[in-house]
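Listing of my_file04.tsv; format and content: TSV, C-alpha atoms and all ligand atoms.
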```tsv
chain	number	residue	atom	x	y	z
U	1	MET	CA	-27.02	-1.39	-19.48
U	2	ASN	CA	-27.68	-3.29	-22.73
U	3	GLN	CA	-27.27	-7.05	-22.91
U	4	THR	CA	-23.81	-7.04	-24.60
U	5	LYS	CA	-22.47	-4.61	-22.01
U	6	MET	CA	-23.90	-6.74	-19.22
U	7	TYR	CA	-22.20	-9.90	-20.57
U	8	ALA	CA	-18.91	-7.98	-20.87
U	9	TYR	CA	-19.33	-6.73	-17.28
U	10	PHE	CA	-19.90	-10.26	-15.92
U	11	LEU	CA	-17.00	-11.61	-17.97
U	12	VAL	CA	-14.61	-9.03	-16.48
U	13	LEU	CA	-16.00	-9.80	-13.02
U	14	LEU	CA	-15.48	-13.54	-13.52
U	15	LEU	CA	-11.93	-13.05	-14.77
U	16	THR	CA	-10.95	-10.73	-11.93
U	17	ILE	CA	-12.47	-12.64	-9.00
U	18	PRO	CA	-9.73	-15.30	-8.88
U	19	CYS	CA	-7.06	-12.56	-8.76
U	20	PHE	CA	-8.60	-11.08	-5.63
U	21	ALA	CA	-9.68	-14.32	-3.98
U	22	GLN	CA	-6.74	-14.77	-1.65
U	23	ASN	CA	-7.86	-17.79	0.35
U	24	PRO	CA	-6.53	-20.41	0.15
U	25	LEU	CA	-3.06	-18.87	-0.13
U	26	ASN	CA	-1.55	-19.25	-3.56
U	27	PHE	CA	1.81	-20.92	-3.01
U	28	GLY	CA	2.38	-21.26	-6.72
U	29	SER	CA	2.40	-25.05	-6.47
U	30	LYS	CA	-0.52	-27.42	-6.50
U	31	ILE	CA	0.32	-29.22	-3.27
U	32	ARG	CA	-2.11	-29.59	-0.35
U	33	THR	CA	-0.92	-27.81	2.75
U	34	ALA	CA	-1.91	-27.76	6.41
U	35	ASP	CA	-0.72	-26.86	9.93
U	36	PRO	CA	0.92	-23.48	9.19
U	37	SER	CA	3.50	-22.23	11.70
U	38	ALA	CA	4.45	-18.72	10.59
U	39	HIS	CA	7.45	-16.63	11.59
U	40	VAL	CA	8.97	-13.34	10.45
U	41	TRP	CA	12.76	-13.67	10.37
U	42	LYS	CA	15.49	-11.03	10.23
U	43	ASP	CA	15.05	-10.34	6.49
U	44	GLY	CA	11.52	-9.09	7.29
U	45	LYS	CA	9.84	-11.81	5.22
U	46	MET	CA	7.10	-14.12	6.41
U	47	TYR	CA	7.99	-17.81	6.45
U	48	ILE	CA	5.39	-20.55	6.78
U	49	TYR	CA	6.48	-24.03	7.89
U	50	ALA	CA	3.73	-26.40	6.84
U	51	SER	CA	2.63	-29.99	6.72
U	52	HIS	CA	2.17	-31.45	3.27
U	53	ASP	CA	-0.87	-33.64	2.72
U	54	GLN	CA	-0.28	-36.34	0.15
U	55	GLU	CA	-2.80	-36.28	-2.67
U	56	CYS	CA	-6.00	-38.04	-1.53
U	57	GLN	CA	-4.33	-38.91	1.75
U	58	GLU	CA	-6.12	-41.04	4.32
U	59	ASP	CA	-5.33	-41.20	8.01
U	60	PHE	CA	-2.74	-38.43	7.81
U	61	TRP	CA	0.09	-40.46	6.34
U	62	MET	CA	2.44	-37.62	5.50
U	63	LYS	CA	6.05	-37.71	4.36
U	64	ASP	CA	7.62	-34.25	4.25
U	65	TRP	CA	7.33	-30.60	5.26
U	66	HIS	CA	7.44	-27.49	3.06
U	67	VAL	CA	8.53	-23.88	3.63
U	68	PHE	CA	6.89	-20.93	1.89
U	69	SER	CA	8.02	-17.31	2.08
U	70	SER	CA	6.58	-13.96	1.14
U	71	ALA	CA	7.54	-10.29	1.36
U	72	ASP	CA	3.95	-9.05	0.99
U	73	LEU	CA	1.73	-11.96	2.09
U	74	ILE	CA	0.25	-12.13	-1.41
U	75	GLN	CA	3.04	-13.51	-3.61
U	76	TRP	CA	4.49	-16.69	-2.11
U	77	THR	CA	7.49	-18.82	-2.98
U	78	ASP	CA	7.45	-22.56	-2.36
U	79	HIS	CA	10.98	-23.46	-1.29
U	80	GLY	CA	10.16	-27.15	-1.53
U	81	ALA	CA	10.55	-29.85	1.07
U	82	CYS	CA	12.79	-28.61	3.88
U	83	LEU	CA	12.90	-32.06	5.50
U	84	SER	CA	11.48	-35.46	4.72
U	85	VAL	CA	10.94	-38.58	6.84
U	86	LYS	CA	13.31	-40.41	4.51
U	87	ASP	CA	16.10	-38.29	6.05
U	88	ILE	CA	15.15	-39.29	9.61
U	89	SER	CA	16.49	-42.58	10.99
U	90	TRP	CA	13.84	-43.02	13.70
U	91	ALA	CA	10.61	-42.35	11.77
U	92	ASP	CA	9.07	-43.23	8.43
U	93	ASN	CA	5.69	-41.45	8.53
U	94	TYR	CA	3.45	-38.88	10.22
U	95	ALA	CA	5.23	-35.70	9.12
U	96	TRP	CA	2.71	-33.64	11.07
U	97	ALA	CA	2.46	-30.05	12.28
U	98	PRO	CA	5.98	-28.55	12.60
U	99	ASP	CA	7.40	-25.32	14.00
U	100	CYS	CA	10.65	-23.41	13.65
U	101	ALA	CA	12.78	-21.16	15.88
U	102	TYR	CA	15.81	-18.92	15.38
U	103	LYS	CA	18.50	-18.95	18.02
U	104	ASN	CA	22.16	-17.86	18.01
U	105	GLY	CA	22.42	-17.67	14.23
U	106	LYS	CA	20.76	-20.99	13.40
U	107	TYR	CA	17.26	-22.08	12.45
U	108	TYR	CA	15.79	-25.02	14.37
U	109	PHE	CA	12.98	-26.97	12.77
U	110	CYS	CA	10.93	-28.84	15.35
U	111	PHE	CA	8.84	-31.66	13.95
U	112	PRO	CA	6.64	-34.55	14.99
U	113	ALA	CA	7.16	-37.85	13.20
U	114	GLY	CA	6.65	-41.50	13.91
U	115	ASN	CA	6.02	-44.99	12.68
U	116	GLY	CA	3.60	-47.91	13.00
U	117	HIS	CA	-0.12	-48.07	12.18
U	118	LYS	CA	-3.24	-46.80	13.84
U	119	ASP	CA	-5.87	-49.56	14.00
U	120	ARG	CA	-9.18	-47.72	14.18
U	121	VAL	CA	-11.22	-50.94	14.43
U	122	ASN	CA	-9.13	-52.63	17.09
U	123	PRO	CA	-7.28	-49.78	18.81
U	124	GLU	CA	-5.47	-52.24	21.08
U	125	LYS	CA	-3.69	-53.53	17.97
U	126	SER	CA	-2.34	-50.08	17.06
U	127	THR	CA	1.40	-49.83	16.80
U	128	LYS	CA	1.49	-46.14	15.95
U	129	TRP	CA	3.99	-44.02	17.86
U	130	MET	CA	4.98	-40.37	17.47
U	131	GLY	CA	7.73	-38.25	18.95
U	132	ILE	CA	9.34	-34.84	18.52
U	133	GLY	CA	12.59	-34.20	16.67
U	134	ILE	CA	14.79	-31.16	16.07
U	135	ALA	CA	16.63	-30.40	12.84
U	136	VAL	CA	19.02	-27.53	12.17
U	137	SER	CA	20.02	-25.32	9.25
U	138	ASP	CA	21.87	-22.08	8.55
U	139	SER	CA	19.00	-21.06	6.29
U	140	PRO	CA	15.32	-20.48	7.18
U	141	THR	CA	14.34	-22.58	4.17
U	142	GLY	CA	16.61	-25.50	5.00
U	143	PRO	CA	17.51	-28.11	4.03
U	144	PHE	CA	17.37	-29.10	7.70
U	145	VAL	CA	19.45	-31.92	9.15
U	146	ASP	CA	18.35	-34.01	12.12
U	147	HIS	CA	20.18	-32.36	15.05
U	148	ILE	CA	20.07	-35.37	17.40
U	149	GLY	CA	19.50	-38.47	15.27
U	150	ALA	CA	16.81	-39.47	17.74
U	151	PRO	CA	13.60	-37.97	19.13
U	152	LEU	CA	13.89	-35.56	22.08
U	153	TRP	CA	12.13	-38.21	24.20
U	154	THR	CA	10.23	-41.44	23.56
U	155	LYS	CA	7.59	-40.99	26.28
U	156	PRO	CA	5.14	-39.35	26.28
U	157	TYR	CA	3.81	-40.05	22.78
U	158	SER	CA	3.60	-36.51	21.41
U	159	ASN	CA	3.03	-34.31	18.38
U	160	ASP	CA	2.19	-30.72	17.40
U	161	PRO	CA	5.24	-28.98	18.90
U	162	CYS	CA	5.31	-25.21	19.38
U	163	LEU	CA	8.68	-23.56	20.03
U	164	PHE	CA	8.52	-20.18	21.70
U	165	VAL	CA	11.72	-18.11	22.07
U	166	ASP	CA	11.19	-15.44	24.70
U	167	THR	CA	12.83	-12.01	24.64
U	168	ASP	CA	15.45	-13.31	27.12
U	169	ASN	CA	16.40	-16.01	24.51
U	170	LYS	CA	14.99	-18.89	26.63
U	171	VAL	CA	13.27	-21.52	24.49
U	172	TYR	CA	10.02	-23.13	25.60
U	173	LEU	CA	8.49	-26.19	23.98
U	174	TYR	CA	4.77	-26.89	24.18
U	175	VAL	CA	3.35	-30.11	22.72
U	176	HIS	CA	0.16	-32.05	22.36
U	177	GLY	CA	0.82	-35.41	23.97
U	178	GLN	CA	-0.56	-38.30	25.92
U	179	GLY	CA	-0.71	-36.96	29.48
U	180	ALA	CA	1.36	-33.92	28.46
U	181	ASP	CA	-1.31	-31.49	27.30
U	182	TYR	CA	-1.03	-28.03	28.82
U	183	SER	CA	2.58	-28.82	29.72
U	184	VAL	CA	5.77	-26.98	28.89
U	185	ILE	CA	9.43	-27.93	28.91
U	186	GLU	CA	12.51	-25.72	28.36
U	187	LEU	CA	15.18	-26.53	25.80
U	188	ASN	CA	18.85	-26.21	26.69
U	189	ASP	CA	21.06	-23.78	24.76
U	190	ASP	CA	22.37	-26.66	22.61
U	191	MET	CA	18.82	-26.96	21.24
U	192	LYS	CA	19.11	-30.74	21.34
U	193	SER	CA	18.17	-31.54	24.94
U	194	VAL	CA	15.52	-30.53	27.44
U	195	LYS	CA	15.85	-29.06	30.92
U	196	GLY	CA	14.25	-31.30	33.52
U	197	GLU	CA	10.71	-32.57	33.19
U	198	PHE	CA	7.47	-31.24	31.75
U	199	THR	CA	5.69	-28.68	33.93
U	200	LYS	CA	1.94	-29.02	33.89
U	201	MET	CA	0.61	-25.48	33.60
U	202	ASP	CA	-2.23	-23.96	35.59
U	203	MET	CA	-4.96	-23.26	32.99
U	204	GLY	CA	-7.34	-21.56	35.42
U	205	GLY	CA	-9.57	-24.61	35.70
U	206	TYR	CA	-10.42	-24.91	31.98
U	207	GLU	CA	-8.79	-27.87	30.20
U	208	PRO	CA	-10.73	-29.09	27.18
U	209	LYS	CA	-9.17	-31.64	24.81
U	210	MET	CA	-6.41	-29.77	23.03
U	211	GLU	CA	-4.28	-29.95	19.91
U	212	GLY	CA	-1.73	-27.73	18.17
U	213	PRO	CA	-0.65	-25.20	20.81
U	214	TRP	CA	0.72	-21.85	19.62
U	215	VAL	CA	2.29	-19.34	22.02
U	216	PHE	CA	3.15	-15.71	21.29
U	217	LYS	CA	3.87	-12.54	23.22
U	218	ARG	CA	2.34	-9.10	22.75
U	219	ASN	CA	2.83	-6.05	25.00
U	220	ASP	CA	4.45	-8.25	27.69
U	221	LYS	CA	1.42	-10.56	27.80
U	222	TYR	CA	1.71	-14.20	26.77
U	223	TYR	CA	-0.97	-15.91	24.70
U	224	PHE	CA	-1.54	-19.68	24.68
U	225	THR	CA	-3.77	-20.49	21.70
U	226	MET	CA	-4.97	-23.84	20.37
U	227	PRO	CA	-7.65	-25.71	18.44
U	228	GLU	CA	-9.94	-26.85	21.26
U	229	ASN	CA	-11.30	-30.34	20.52
U	230	ASN	CA	-9.03	-29.94	17.47
U	231	LYS	CA	-11.49	-27.58	15.74
U	232	THR	CA	-12.32	-24.32	17.58
U	233	LEU	CA	-9.46	-21.87	18.02
U	234	THR	CA	-9.44	-20.62	21.62
U	235	TYR	CA	-6.94	-18.77	23.80
U	236	TYR	CA	-5.60	-18.05	27.26
U	237	MET	CA	-3.49	-15.15	28.57
U	238	ALA	CA	-0.74	-14.98	31.21
U	239	ASP	CA	2.12	-12.85	32.53
U	240	SER	CA	4.66	-15.65	32.12
U	241	PRO	CA	5.32	-18.31	29.41
U	242	LYS	CA	4.54	-21.01	31.97
U	243	GLY	CA	1.27	-19.47	33.16
U	244	PRO	CA	-0.82	-19.40	35.28
U	245	TRP	CA	-3.16	-18.97	32.30
U	246	LYS	CA	-6.63	-17.50	32.18
U	247	TYR	CA	-9.13	-18.73	29.60
U	248	LYS	CA	-10.27	-15.86	27.33
U	249	GLY	CA	-12.60	-17.49	24.81
U	250	GLU	CA	-12.88	-18.27	21.10
U	251	ILE	CA	-10.83	-16.82	18.27
U	252	MET	CA	-12.34	-18.79	15.38
U	253	LYS	CA	-15.36	-21.09	15.33
U	254	GLU	CA	-15.10	-24.66	14.15
U	255	GLU	CA	-15.91	-25.52	10.55
U	256	ASN	CA	-15.75	-29.05	9.21
U	257	GLY	CA	-12.61	-30.82	10.33
U	258	ASN	CA	-9.48	-30.14	12.30
U	259	ASN	CA	-7.95	-26.70	12.32
U	260	HIS	CA	-4.37	-25.76	13.11
U	261	HIS	CA	-2.99	-22.27	13.27
U	262	SER	CA	-0.38	-19.69	14.17
U	263	ILE	CA	-0.61	-15.98	14.98
U	264	VAL	CA	2.23	-13.62	14.13
U	265	GLN	CA	2.91	-9.91	13.65
U	266	PHE	CA	3.96	-8.66	10.22
U	267	ASN	CA	4.74	-4.97	9.58
U	268	GLY	CA	2.72	-3.97	12.66
U	269	GLN	CA	-0.34	-6.02	11.70
U	270	TRP	CA	-1.25	-9.32	13.36
U	271	VAL	CA	-2.13	-12.23	11.10
U	272	LEU	CA	-3.76	-15.61	11.72
U	273	PHE	CA	-2.71	-18.52	9.51
U	274	TYR	CA	-4.92	-21.60	9.63
U	275	HIS	CA	-6.04	-24.42	7.38
U	276	ARG	CA	-9.41	-25.10	5.94
U	277	TRP	CA	-10.95	-28.22	4.39
U	278	ILE	CA	-11.89	-27.02	0.91
U	279	ASN	CA	-13.44	-28.68	-2.09
U	280	THR	CA	-11.32	-27.17	-4.84
U	281	GLY	CA	-13.12	-29.12	-7.53
U	282	ASP	CA	-10.17	-31.39	-8.17
U	283	ALA	CA	-10.48	-33.20	-4.87
U	284	CYS	CA	-10.31	-36.97	-4.55
U	285	GLU	CA	-13.03	-39.57	-4.81
U	286	ASN	CA	-12.42	-40.81	-1.30
U	287	ARG	CA	-12.29	-37.34	0.20
U	288	LYS	CA	-14.13	-34.42	-1.34
U	289	LYS	CA	-12.33	-31.83	0.76
U	290	GLN	CA	-8.59	-31.39	1.12
U	291	ARG	CA	-6.65	-29.13	3.47
U	292	HIS	CA	-5.34	-25.76	2.31
U	293	ILE	CA	-3.68	-22.93	4.22
U	294	CYS	CA	-5.60	-19.65	4.57
U	295	ALA	CA	-4.99	-16.40	6.43
U	296	GLU	CA	-6.93	-13.54	8.04
U	297	TYR	CA	-6.01	-10.34	9.84
U	298	VAL	CA	-6.32	-10.37	13.63
U	299	TYR	CA	-7.42	-7.42	15.75
U	300	PHE	CA	-6.92	-6.90	19.48
U	301	ASN	CA	-9.07	-4.97	21.91
U	302	GLU	CA	-7.52	-2.29	24.16
U	303	ASP	CA	-7.33	-4.76	27.05
U	304	GLY	CA	-5.30	-7.19	24.92
U	305	THR	CA	-8.12	-9.63	24.25
U	306	ILE	CA	-8.52	-10.95	20.69
U	307	GLN	CA	-11.50	-10.10	18.52
U	308	PRO	CA	-13.22	-13.13	16.95
U	309	VAL	CA	-11.92	-13.92	13.46
U	310	VAL	CA	-14.23	-14.95	10.63
U	311	ARG	CA	-13.11	-17.08	7.66
U	312	THR	CA	-13.20	-15.11	4.42
U	313	ASP	CA	-12.39	-15.67	0.75
U	314	GLU	CA	-10.53	-12.36	0.49
U	315	GLY	CA	-8.16	-13.17	3.33
U	316	LEU	CA	-5.25	-10.76	3.37
U	317	THR	CA	-6.16	-8.96	0.15
U	318	LYS	CA	-8.74	-7.04	2.18
U	319	LYS	CA	-6.43	-4.40	3.65
U	320	PRO	CA	-6.69	-3.78	7.40
U	401	LIG	O1	-1.67	-32.65	10.03
U	401	LIG	C1	-1.74	-33.73	10.92
U	401	LIG	C2	-2.41	-33.34	12.20
U	401	LIG	O2	-3.74	-32.87	11.94
U	401	LIG	C3	-1.77	-32.19	12.94
U	401	LIG	O3	-0.61	-32.51	13.61
U	401	LIG	C4	-2.92	-31.78	13.80
U	401	LIG	O4	-2.73	-30.55	14.43
U	401	LIG	C5	-4.05	-31.78	12.80
U	401	LIG	O5	-4.07	-30.61	12.05
```

Can you dump the structure from the file as structure tokens?
Ligand code: FUB
Amino acid sequence: MNQTKMYAYFLVLLLTIPCFAQNPLNFGSKIRTADPSAHVWKDGKMYIYASHDQECQEDFWMKDWHVFSSADLIQWTDHGACLSVKDISWADNYAWAPDCAYKNGKYYFCFPAGNGHKDRVNPEKSTKWMGIGIAVSDSPTGPFVDHIGAPLWTKPYSNDPCLFVDTDNKVYLYVHGQGADYSVIELNDDMKSVKGEFTKMDMGGYEPKMEGPWVFKRNDKYYFTMPENNKTLTYYMADSPKGPWKYKGEIMKEENGNNHHSIVQFNGQWVLFYHRWINTGDACENRKKQRHICAEYVYFNEDGTIQPVVRTDEGLTKKP
């Protein structure tokens, strides 16, 4: 190859790489996104309910949530903010990891939010509080309206809700909360109240510090997955949504900051959505890396266990 041809070759390569580099997902808007909870609804499209990091945010002060949808997992539409803390009477901050469920013709957006300040120097002076709310809409993209006008409960302090609707239409809520980790509570059919108290689940003797639970069902087996110590994605399996659970190991190793994820089936293929702290070159002075949502395919072994997933740049453009 002569020199001119070689330059031309590298130029074409340079111009085409961004088209194939799928991670982070291209939502068509420049916003920073985290905490993806993905669902495929009745129109067959994938919907991601995500947290929205403010530009150069510190201490996770976050004000609204966004919904993105896609028919092919490559081209995404940003439907904008589906709910904002300014529309919630009982919270003014901490629009953290949300989830969404479909039941009896309505979409229910489950969100953590709160108020107050976290004092990292003198923790005893912290006034920060967080609770879980439910908002409702006829559309998967919202806008959602606070269904209760209050949090589902005020104690325990909780965030990172995961709503799991079982095949019998029962709705289970898992949260990360003070004294409530590895617990589950059922929602009533009105989707605005809970049945009884939290049930602490049997995790088979393994209970590391948890965050962001995500529960799904595959071939009649239930999977409880989470970022262990808020970074390493690990999972448990059970025959019931309330356990007893058996620890099965790691899905994705930790990188450099918190991770948060969801696992969902799309056209027969399982997909992991997660966020990654990436230096996109336009990051802030105070924080070189910002959070961005990424995705990878997930593969199961014959016995239902999950094969470890590696972070890639290609993401979902690399066909399974
Ligand atoms: O995005 C704010 C918080 O960071 C989430 O609720 C946690 O899961 C972690 O990702």

- Query: Between atom CA of U:Tyr299 and atom CA of U:Trp65, what is the distance, to one decimal in Å?
  - Reply: 29.4 Å

- Message: Could you list, as a ChimeraX atom specification, all protein and nucleic acid residues with an atom at most 10 Å from ligand LIG 401 (chain U), counting all atoms listed in the file?
- Response: /U:33-36,50-53,59-62,94-98,111-113,158-161,176,210-213,226-227,230-231,257-261,274-276,291

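Note that atom CA of U:Tyr174 and atom CA of U:His66 are 21.3 Å apart.
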
- For U:Tyr297, which residue among U:Trp214, U:Trp129, U:Trp76, U:Phe273 is the nearest when counting only C-alpha atoms?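 Once distances to U:Tyr297 are computed over only C-alpha atoms, the minimum belongs to U:Phe273.
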
- Task: Identify, on the basis of only C-alpha atoms, every residue whose closest approach to U:Ile251 does not exceed 7 Å; exclude the query and any residue fewer than 2 positions from it along the same chain; express the result as a ChimeraX atom specification.
- Result: /U:233-234,249,253,306-309

- Atomic distance atom CA of U:Ile148 - atom CA of U:Lys192, expressed in Å with one decimal: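 Answer for the atom CA of U:Ile148 to atom CA of U:Lys192 separation: 6.2 Å.
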
- Nearby residues, (15.8, -38.5, 15.2) file frame, 10 Å, all atoms listed in the file, as a count of residues only: 24

- Message: Applying 10 Å and only C-alpha atoms, which residues near U:Lys170 remain after dropping the ones on its own chain fewer than 3 positions away? List them as a ChimeraX atom specification.
- Response: /U:103,164-167,186-189

Could you save those same residues with C-alpha atoms as a PDB file, in the coordinates of the input?
```pdb
ATOM      1  CA  LYS U 103      18.500 -18.950  18.020  1.00  0.00           C
ATOM      2  CA  PHE U 164       8.520 -20.180  21.700  1.00  0.00           C
ATOM      3  CA  VAL U 165      11.720 -18.110  22.070  1.00  0.00           C
ATOM      4  CA  ASP U 166      11.190 -15.440  24.700  1.00  0.00           C
ATOM      5  CA  THR U 167      12.830 -12.010  24.640  1.00  0.00           C
ATOM      6  CA  GLU U 186      12.510 -25.720  28.360  1.00  0.00           C
ATOM      7  CA  LEU U 187      15.180 -26.530  25.800  1.00  0.00           C
ATOM      8  CA  ASN U 188      18.850 -26.210  26.690  1.00  0.00           C
ATOM      9  CA  ASP U 189      21.060 -23.780  24.760  1.00  0.00           C
TER      10      ASP U 189
END
```

- Item | Residue nearest U:Tyr47 - candidates U:Phe266, U:Tyr235, U:Tyr223, U:Tyr157, atoms counted: all atoms listed in the file |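 Looking only at the distances to U:Tyr47, the closest residue turns out to be U:Phe266.
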
- Task: Have a look at U:Lys63, U:Lys125, U:Lys195, U:Lys217 and name the one nearest to U:Gly304; count only C-alpha atoms.
- Result: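 Selected residue with least distance to U:Gly304: U:Lys217.
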
- Message: Just checking: using all atoms listed in the file, which residue out of U:Ile48, U:Ala38, U:Val171, U:Val298 ends up closest to U:Ile185?
- Response: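 Comparing U:Ile48, U:Ala38, U:Val171, U:Val298 against U:Ile185, the winner is U:Val171.
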
- Message: Just checking: using all atoms listed in the file, which residue out of U:Tyr102, U:Phe216, U:Trp245, U:Phe27 ends up closest to U:Val136?
- Response: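 Of U:Tyr102, U:Phe216, U:Trp245, U:Phe27, the one nearest U:Val136, counting all atoms listed in the file, is U:Tyr102.
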
- Message: Let me make sure I understand: among U:Cys284, U:Val215, U:Gly243, U:Gln178, which one has the smallest atom-to-atom distance to U:His39 if we use only C-alpha atoms?
- Response: U:Val215

- Task: With a distance cut-off of 6 Å and all atoms listed in the file, select the neighbouring residues of U:Met46, excluding the residue or stretch itself and same-chain residues fewer than 4 positions from it, and output the selection as JSON, numbers by chain.
- Result: {"U": [39, 40, 69, 70]}

Could you write out that same residue set with C-alpha atoms as a CSV table (one decimal), in the coordinates of the input?
```
chain,number,residue,atom,x,y,z
U,39,HIS,CA,7.4,-16.6,11.6
U,40,VAL,CA,9.0,-13.3,10.4
U,69,SER,CA,8.0,-17.3,2.1
U,70,SER,CA,6.6,-14.0,1.1
```
